[in-house]
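Engineer: Below is a structure I'd like to ask you about.
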Amino acid sequence: MSEQTKEAVSDLEQSVSVSKNSKKVHQVEDRIFMVCNGIFMFLFVLITLYPVLNTLAISFNDGIDGVRGGIYLFPRKWTFENYITVIRKQNLMQGAYITVLRTVIGTLTSLFANALLAYIISRKRFLFKAQLSFFWVITMYVNGGLIPIFLLYKGLGLTNSFWVYVIPGMVSAFNVLVIRTFMLGLPDSLEESAQLDGAGYMTIFVKIISPLCKPVYATIALFVAVYQWNSWFDAMLYNRMNAQFTTLQYELMKLLASVTNQSSSVDSMKNAAGAVTPVSIRAAATIVTILPIVCLYPFLQRYFVTGLTIGGVKE
Amino acid sequence: MDSKYNIKEIKRQYVLLIWSAIFVVYGFVFYYLPLGGWIMAFQNYKPKTGLLHSKFIGLDKFKFLFEDDTFIRVVRNTLAMGVLNLVTSFVMAIVFAILLNEVRNKFFKKPIQTISYLPHFLSMIIVTGILHDALSANGIVNEILVNLNFIARPIDFFAHKEFFWPIVAFTNLWKETGWNAIIYLAAISAIDPTLYEAASIDGAGRWQKIKHITLPGIKATIIILLLMNVGNVLNAGFEIQYLLGNGLVKGVADTIDIYVLKWGVSQSDFSLGTAAGMFKSVVSITLIVIANVIARRTSEERLY
Amino acid sequence: MKKIIALLTVVSLTASMLMGCAKSAENKGGSTDATETETEATGEIKEFTAFFAVPGSEINDDNEIQQMIAEKTGVKVKETWLAGQTADEAVGTIIAGGEYPDFINGGDGMQALYDAGALVAWDEYIEKYPNIKEFYSDADWEEFRQEDGHIYWMNPFDQVYGESKTTTHSGEAFWIQVRVLEWAKYPKIESLDEYFDLLRDYAAANPTMADGTENIPYTILCDDWRYFCLENPPLFLAGNPNDGSVIVNPETLKVEDYNTTDVAKRYFEKLNIEYKAGLVDPTSFTQTYDEYIAKLSTGRVLGMVDQWWNFAYTVNDVFKQQGLDNQGCNYVPLGITIDKGMENQWYTPGAQLNPSSGIAVTTSCEDPDAAFKFINDVLSQEIHDLRFWGVEGVDYAVDEDGMYYRTEDMRMTVADTSYKASHLSTYSYFPLWYGTSRDGKNAMQPAEQPVEFLDSLNDNVVKCFEAYGVTTYPDMIGSVDKAGVWYPMWSYSNTLTTDTPGGVAWTKMGEIKHEWLPQVVMADDFDKKWSEYMDVYSTAKPEDFLAEMQTELDRRISK
């Protein structure tokens with residue numbers, strides 16, 4: 001072997017042995033870390049899971065019995081009455097239907113709108129990047145007030161309709177900026193090489209950028225979906241007299257208000273076994289609301305996949 | 001030197017320009033038009049006379065606010081809690097996201113994440129109810145502290161002003177950490193895994209990987225979120241403070257929103273509420289402008 | 001991408017179809033909806049809408065009794081209630097939107113509705129419909145007359161027909177558990193000191209419940225707006241009725257501030273002493289309403305100041321379920337005063353006129369005459385019984401003397417939330433009567449029917465009543481009824497807004513009291529703390545508030 005090669009080999013050997021040593025040290029470090037992280041995660045899960053389990057327990061506990069407090073992880077006096085009362089709320093189904101509809105439509109339209117705007121302001125050569133961004137950033141911190149907004153929607157014909165749930169909230173600066181940050185993290189070369197191939201801006205948006213944005217799209221979709229799912233204030237403000245546009249959460253709110261009203265008036269529980277109280281109804285209503293979302297997440301989780309193949313472009 | 005604003009470039013990106021015009025119209029209609037309602041802050045708004053005919057009173061409402069010691073106090077409270085929440089929630093969300101990412105065991109990772117954001121869906125009423133119970137004189141926290149001999153007698157945490165702000169921060173963390181971490185987890189998942197492989201080969205340990213790959217990889221996200229949330233520091237809240245507050249801690253618990261509720265909405269004084277809202281907007285925008293300038297100078301990130 | 005577009009198209013098409021159906025249903029309109037309800041030979045059933053700016057219970061669209069009432073009166077009203085907003089906010093948005101329901105009760109926002117010109121004048125309809133006219137005396141109707149000379153609403157409550165059948169004291173009192181009274185052999189407790197002495201003695205002799213948990217002699221609720229438990233007593237302890245925010249001196253006819261009187265100082269000093277002695281629950285000032293109710297329902301609290309509706313319904317239910325009522329944990333009220341031998345006015349019988357809010361018909365109503373006729377109809381005895389007693393044979397039965405009663409089964413069914421929504425229709429915020437039915441025997445409200453009341457009492461409470469020679473809760477208090485024509489002043493102070501200096505002062509006073517009263521009770525040096533509190537209190541300019549109340553008082557007297 002030549003001198004050079006010998007040197008190269010010994011260098012390699014040295015770095016391998018350095019690697020190996022540091023690997024050993026790292027292995028010990030690693031173990032400690034894994035254990036600590038494990039403990040941390042365990043405690044974290046405990047603390048965050050507890051309120052949910054507690055709510056679950058209260059939802060299955062007799063309301064009157066629950067007034068005494070002291071319910072922690074398990075119901076003391078088991079009953080289905082809370083859930084039965086919730087299910088039997090009239091118009092709940094209509095509310096669920098509208099909520100599902102607005103969640104689906106709202107999420108899809110909103111995702112598209114937010115993503116498109118993010119795309120536009122993330123393009124390097126876009127002439128009005130700074131101005132348009134500023135324009136939208138300001139919207140996050142100003143609010144005309146309840147009444148002016150109400151008057152605006154009324155003027156636009158959005159009140160007393162389903163579309164008040166979808167159109168006004170479609171573009172939100174926060175979501176746009178999150179997506180934009182992500183898009184800016186993608187290599188410029190993607191856009192450039194596509195343009196060399198003759199692709200227009202929209203094609204690039206649809207065919208090249210978007211597929212790579214799955215994690216952030218999934219995130220924003222989750223945010224919007226949850227917002228739509230939980231909405232009730234807009235139903236109350238803009239569709240108060242229109243029962244056909246009620247939402248799931250609004251019906252649950254009304255049920256809760258009814259039960260609260262009953263517990264401080266004469267037409268109350270009178271010792272019915274399996275009586276409901278505001279606390280127990282709230283618990284049941286919460287669980288009913290959470291369940292679908294918890295089911296939604298695994299569906300989205302597959303988009304949070306590490307390491308998208310950028311494919312074809314090496315830096 | 002050719003300005004970039006030439007016909008050729010405009011023609012080239014006409015698609016972008018058309019769409020952005022649409023977005024400008026949309027944004028103007030839904031976000032800027034209602035700002036006409038800010039005139040309420042200068043009127044003595046009554047539903048009967050409406051926006052157009054209510055009596056003009058100039059800066060009276062603002063004077064009322066700034067001359068009121070209570071208002072100054074609630075601004076202080078809101079700011080303090082806002083900053084505390086901002087710092088703690090940021091650190092916790094990032095730390096949690098990174099630590100969760102380091103969990104190798106796929107079997108645990110997903111359930112942990114799902115569980116972590118569940119409290120976000122519980123109403124604040126439920127969360128504060130549990131917390132209040134846990135911190136009460138015969139609650140579990142006191143039980144532990146007494147049994148471990150840290151304190152001799154139980155402490156009524158809600159009777160002492162110095163505990164309130166930390167309790168608020170904790171409640172916020174409890175409820176929102178998992179949810180706030182979602183963005184960071186998404187950002188982490190976008191980091192090129194080959195970077196990690198290469199680092200391993202170079203002999204980098206876990207901490208070095210985190211320091212040199214993960215953190216820089218999500219730096220942009222962190223900064224943008226930080227910038228946006230700086231503007232929200234006066235929106236530190238209403239619900240937590242309303243639900244956990246009481247007469248004894250009132251001095252530190254009341255926030256701008258609670259003040260507005262007491263003095264504005266429940267008196268049907270919409271004008272006062274609007275004035276307070278304007279004040280908040282002005283402060284928020286000032287803050288993010290300053291923050292953005294700092295960000296532009298020190299990093300590559302910026303809001304606009 | 002294609003998939004997304006396809007999905008969007010399908011969904012939007014579905015939505016548009018939905019919209020189409022909805023819009024046409026809307027166009028069919030509110031007043032007549034022949035397809036939904038059975039048309040009787042008499043004609044179609046009118047549908048009205050109503051909004052009440054108070055929390056309430058929604059009933060189902062196919063509610064049985066509502067349907068029956070609709071068939072008899074020709075009108076059905078869809079009621080919606082306040083949820084998640086304050087009354088002012090809700091009314092403010094409704095006015096801004098310009099679309100009113102047919103009936104409205106704006107609660108605190110009533111004046112705003114009047115100002116906005118949204119309401120229909122009642123005058124001709126009062127003359128036309130006898131049931132409406134007889135609801136108030138002519139003098140009372142005058143109270144509702146607004147500045148422009150017309151009447152625009154009526155308060156639906158607190159009117160007693162014939163003989164009063166009130167059995168519960170729904171107001172404020174010092175409550176005490178019957179077992180405490182029993183242990184002390186039913187002594188006469190008349191003063192504040194006697195009250196606390198009794199609690200102290202009982203607690204010393206019986207420090208724990210049967211199961212070993214500690215008794216809590218006295219607790220105070222001061223959570224948010226319910227802090228009347230802490231701040232109100234000085235008004236009553238001085239022997240005054242519940243004017244709520246002020247004392248009216250019946251001799252001088254001047255308004256006085258109950259927060260700064262000697263009685264107030266003595267009361268808080270007493271609390272301070274008992275707090276230091278350990279008699280007052282130390283967590284009083286940080287407990288939430290839910291925690292307070294939980295505490296009461298364990299039966300450990302011997303006594304407290306509160307109002308019946310705030311605790312009794314829930315707590316009594318728990319007592320019954322847990323058998324604590326058999327341990328004598330039920331509460332009875334005591335009408336105590338600061339010194340022995342004073343007359344008390346904790347309980348004020350009869351109607352309490354509150355002209356500041358009520359049900360109104362709006363200008364959006366297409367057929368006001370039918371609306372007023374409906375109000376008239378629901379006051380008729382037949383409909384009134386349907387509203388509150390229910391369907392004969394199903395919700396109540398009639399015995400051979402013609403007295404209505406309920407079996408235990410009926411009571412349980414009637415209490416069920418879903419049953420209420422599907423079957424019972426009380427139109428609870430439309431005018432209703434208390435007192436005696438027009439048949440002269442039964443009560444207008446089931447809760448006041450003597451047999452219903454007596455059956456609901458636990459034996460221990462009955463024993464207690466017998467020992468004191470009374471048969472109802474108000475009798476236990478032994479109030480003297482001397483309410484003046486101006487009573488109650490709270491109906492005015494509730495309408496105060498920060499528009500007036502008096503309103504500003506009133507709000508500030510409340511804030512200061514919230515912050516300082518707990519400190520005063522917990523203070524190490526009471527006198528020092530009290531004078532500090534008084535100094536801060538005076539910065540709220542209570543004189544402005546009192547001046548405004550005085551003007552109102554004078555106005556009420558001169559009527």
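Chain identifiers are assigned as A, B, and so on, following the order in which chains appear in the structure tokens; residues are numbered from 1 within each chain, and ligands are numbered from 1 in order of appearance.
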Please, which residues of chain B lie no more than 8 Å from chain C when the count uses only C-alpha atoms, and can they be set out as an NGL selection string?
Structural biologist: :B and (46-50 or 133 or 137 or 156 or 158-159 or 246-251 or 263 or 265-269)
Engineer: Taking C-alpha atoms for each residue, export the selection above as an mmCIF file, in the first residue's frame.
Structural biologist:
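And here's result_1.cif as it stands now:
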```cif
data_model
loop_
_atom_site.group_PDB
_atom_site.id
_atom_site.type_symbol
_atom_site.label_atom_id
_atom_site.label_comp_id
_atom_site.auth_asym_id
_atom_site.auth_seq_id
_atom_site.Cartn_x
_atom_site.Cartn_y
_atom_site.Cartn_z
ATOM 1 C CA LYS B 46 -76.941 52.500 22.438
ATOM 2 C CA PRO B 47 -78.682 49.756 20.482
ATOM 3 C CA LYS B 48 -81.533 52.130 19.878
ATOM 4 C CA THR B 49 -79.487 54.731 18.044
ATOM 5 C CA GLY B 50 -77.095 52.287 16.472
ATOM 6 C CA ASP B 133 -60.248 20.570 44.215
ATOM 7 C CA ALA B 137 -57.059 22.629 51.872
ATOM 8 C CA ASP B 156 -55.145 27.285 50.998
ATOM 9 C CA PHE B 158 -56.215 30.218 46.410
ATOM 10 C CA ALA B 159 -56.137 32.518 49.376
ATOM 11 C CA ASN B 246 -62.058 34.980 44.302
ATOM 12 C CA GLY B 247 -62.291 38.087 46.473
ATOM 13 C CA LEU B 248 -58.952 37.482 48.150
ATOM 14 C CA VAL B 249 -56.884 37.297 44.983
ATOM 15 C CA LYS B 250 -58.979 39.736 42.992
ATOM 16 C CA GLY B 251 -56.182 42.236 42.872
ATOM 17 C CA TRP B 263 -67.841 47.449 33.255
ATOM 18 C CA VAL B 265 -70.915 44.172 28.631
ATOM 19 C CA SER B 266 -72.940 43.744 31.776
ATOM 20 C CA GLN B 267 -73.761 47.418 31.749
ATOM 21 C CA SER B 268 -74.578 47.166 28.075
ATOM 22 C CA ASP B 269 -71.794 49.632 27.605
#
```
Engineer: Show me, as a PyMOL selection string, the residues that have an atom within 10 Å of Asn172 in chain B when counting only C-alpha atoms, minus same-chain residues fewer than 5 positions from it.
Structural biologist: chain B and resi 85-86+88-89+120+124+127-128+166-167+177+236+240
Engineer: For a quick check of understanding, using only C-alpha atoms, which of A:Phe299, A:Phe126, A:Phe233, A:Phe60 has the smallest distance to chain B?
Structural biologist: A:Phe126
Engineer: Interatomic distance between CA of Glu239 in chain B and CA of Met110 in chain C?
Structural biologist: 27.5 Å
Engineer: What does the structure give for the distance between CA of Trp179 in chain B and CA of Pro119 in chain B, in Å to one decimal?
Structural biologist: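 Between CA of Trp179 in chain B and CA of Pro119 in chain B the gap works out to 8.5 Å.
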Engineer: Grab the CA of Val141 in chain B to CA of Thr213 in chain C distance for me, in Å with one decimal place.
Structural biologist: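 Interatomic distance here is 20.1 Å.
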Engineer: Got a sec: who's within 9 Å of range 205-222 of chain A, counting only C-alpha atoms, leaving out chain neighbours fewer than 6 positions off, as JSON, numbers by chain?
Structural biologist: {"A": [107, 108, 110, 111, 114, 115, 116, 119, 175, 176, 178, 179, 182, 183, 186, 190, 191, 194, 296, 297, 300, 301, 302, 303, 304, 305, 306, 308, 309, 310], "B": [182, 183, 185, 186, 187, 189, 190], "C": [1]}
Engineer: Which polymer residues have any atom within 10 Å of an atom of range 251-257 of chain A, counting only C-alpha atoms, with same-chain residues fewer than 3 positions away left out, as number ranges by chain?
Structural biologist: A: 85-87, 89-96, 232-233, 235-236, 243, 246-248, 260-262, 277-282, 284-286, 288-289; C: 54-59, 80-84, 417
Engineer: Output the selection as a short mmCIF file (atom, residue, chain, number, x, y, z; two decimals), in the first residue's frame - C-alpha atoms for each residue.
Structural biologist:
```cif
data_model
loop_
_atom_site.label_atom_id
_atom_site.label_comp_id
_atom_site.auth_asym_id
_atom_site.auth_seq_id
_atom_site.Cartn_x
_atom_site.Cartn_y
_atom_site.Cartn_z
CA THR A 85 -80.57 12.32 28.72
CA VAL A 86 -78.00 13.59 26.27
CA ILE A 87 -79.03 11.24 23.50
CA LYS A 89 -82.16 15.72 23.56
CA GLN A 90 -84.37 16.62 20.69
CA ASN A 91 -82.57 18.02 17.70
CA LEU A 92 -79.31 16.45 18.77
CA MET A 93 -79.24 14.46 15.58
CA GLN A 94 -79.89 17.53 13.48
CA GLY A 95 -77.11 19.29 15.33
CA ALA A 96 -74.77 16.38 14.76
CA TRP A 232 -71.79 26.75 18.96
CA PHE A 233 -71.48 30.49 19.53
CA ALA A 235 -75.01 29.00 15.75
CA MET A 236 -76.48 30.91 18.64
CA ALA A 243 -83.37 25.06 14.40
CA THR A 246 -78.18 24.09 14.90
CA THR A 247 -74.90 22.43 15.82
CA LEU A 248 -74.10 19.53 18.07
CA THR A 260 -78.74 24.04 35.33
CA ASN A 261 -82.01 25.89 35.31
CA GLN A 262 -83.85 22.90 36.72
CA THR A 277 -77.14 17.50 37.45
CA PRO A 278 -75.29 20.10 35.44
CA VAL A 279 -71.98 18.53 36.41
CA SER A 280 -72.95 15.05 35.32
CA ILE A 281 -74.52 16.24 32.08
CA ARG A 282 -71.50 18.34 31.29
CA ALA A 284 -71.42 13.14 29.50
CA ALA A 285 -71.67 15.87 26.88
CA THR A 286 -67.89 16.31 26.95
CA VAL A 288 -69.75 12.56 23.54
CA THR A 289 -67.92 15.46 21.93
CA VAL C 54 -82.67 34.07 31.05
CA PRO C 55 -81.48 30.48 31.26
CA GLY C 56 -84.34 28.05 30.77
CA SER C 57 -85.27 24.58 29.63
CA GLU C 58 -86.07 23.90 26.03
CA ILE C 59 -88.94 21.58 25.28
CA THR C 80 -85.61 29.83 23.11
CA TRP C 81 -83.47 30.75 26.06
CA LEU C 82 -80.28 32.47 27.01
CA ALA C 83 -77.12 30.37 26.85
CA GLY C 84 -73.50 31.40 26.92
CA THR C 417 -85.44 15.73 32.44
#
```
Engineer: Between B:Ser54, B:Ser200, B:Asn142, B:Thr70, which is the closest to chain A once you count only C-alpha atoms?
Structural biologist: B:Ser200
Engineer: With a distance cut-off of 8 Å and only C-alpha atoms, select the neighbouring residues of Phe319 in chain C, excluding the residue or stretch itself and same-chain residues fewer than 4 positions from it, and output the selection as a ChimeraX atom specification.
Structural biologist: /C:297-299,315,323-325,329-330
Engineer: Mind checking which residues fall within 7 Å of Gly231 in chain B, counting only C-alpha atoms, ignoring those fewer than 3 positions away in the same chain, and posting them as a ChimeraX atom specification?
Structural biologist: /B:228,284-285,287-288
Engineer: Could those selected residues go to a file with C-alpha atoms, as a CSV table (one decimal), in the first residue's frame?
Structural biologist:
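See selection00.csv below for the written result:
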```csv
chain,number,residue,atom,x,y,z
B,228,MET,CA,-47.5,35.6,16.5
B,284,SER,CA,-50.6,44.0,20.1
B,285,ILE,CA,-49.7,45.5,16.8
B,287,LEU,CA,-45.5,44.5,20.0
B,288,ILE,CA,-45.4,42.5,16.9
```
Engineer: Could you tell me, as a list of chain:residue names, which residues of range 3-241 of chain B DSSP assigns to strand (DSSP E) when given the backbone?
Structural biologist: B:Gln43, B:Asn44, B:Lys55, B:Phe56
Engineer: Selection from above, C-alpha atoms, as an mmCIF file, in the first residue's frame, can you write it?
Structural biologist:
```cif
data_model
loop_
_atom_site.group_PDB
_atom_site.id
_atom_site.type_symbol
_atom_site.label_atom_id
_atom_site.label_comp_id
_atom_site.auth_asym_id
_atom_site.auth_seq_id
_atom_site.Cartn_x
_atom_site.Cartn_y
_atom_site.Cartn_z
ATOM 1 C CA GLN B 43 -69.627 57.097 20.858
ATOM 2 C CA ASN B 44 -72.047 56.506 23.608
ATOM 3 C CA LYS B 55 -73.871 60.424 20.468
ATOM 4 C CA PHE B 56 -70.244 61.215 19.778
#
```
Engineer: I'd like the neighbourhood of Leu49 in chain A as a VMD selection string, where a residue qualifies if any of its atoms comes within 12 Å (using only C-alpha atoms), though same-chain residues fewer than 5 positions away should be ignored.
Structural biologist: (chain A and resid 41 to 44 54 to 56 73) or (chain B and resid 111 to 122 127 174 to 175 178)
Engineer: Kindly indicate which residue among C:Gly171, C:Gly107, C:Pro368, C:Gly502 lies nearest to Ile477 in chain C, using only C-alpha atoms for the distances.
Structural biologist: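 Counting only C-alpha atoms, the residue closest to Ile477 in chain C is C:Gly171.
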Engineer: Go through range 211-384 of chain C and collect every residue that DSSP, computed from the backbone, puts in helix (DSSP H, G or I); the answer should be as a PyMOL selection string.
Structural biologist: chain C and resi 224-226+228-231+233-237+262-276+282-285+289-297+308-322+324-327+368-378+381-384
Engineer: Nearest to chain A: which of C:Ile293, C:Met476, C:Leu302, C:Met403 is it, counting only C-alpha atoms?
Structural biologist: C:Ile293
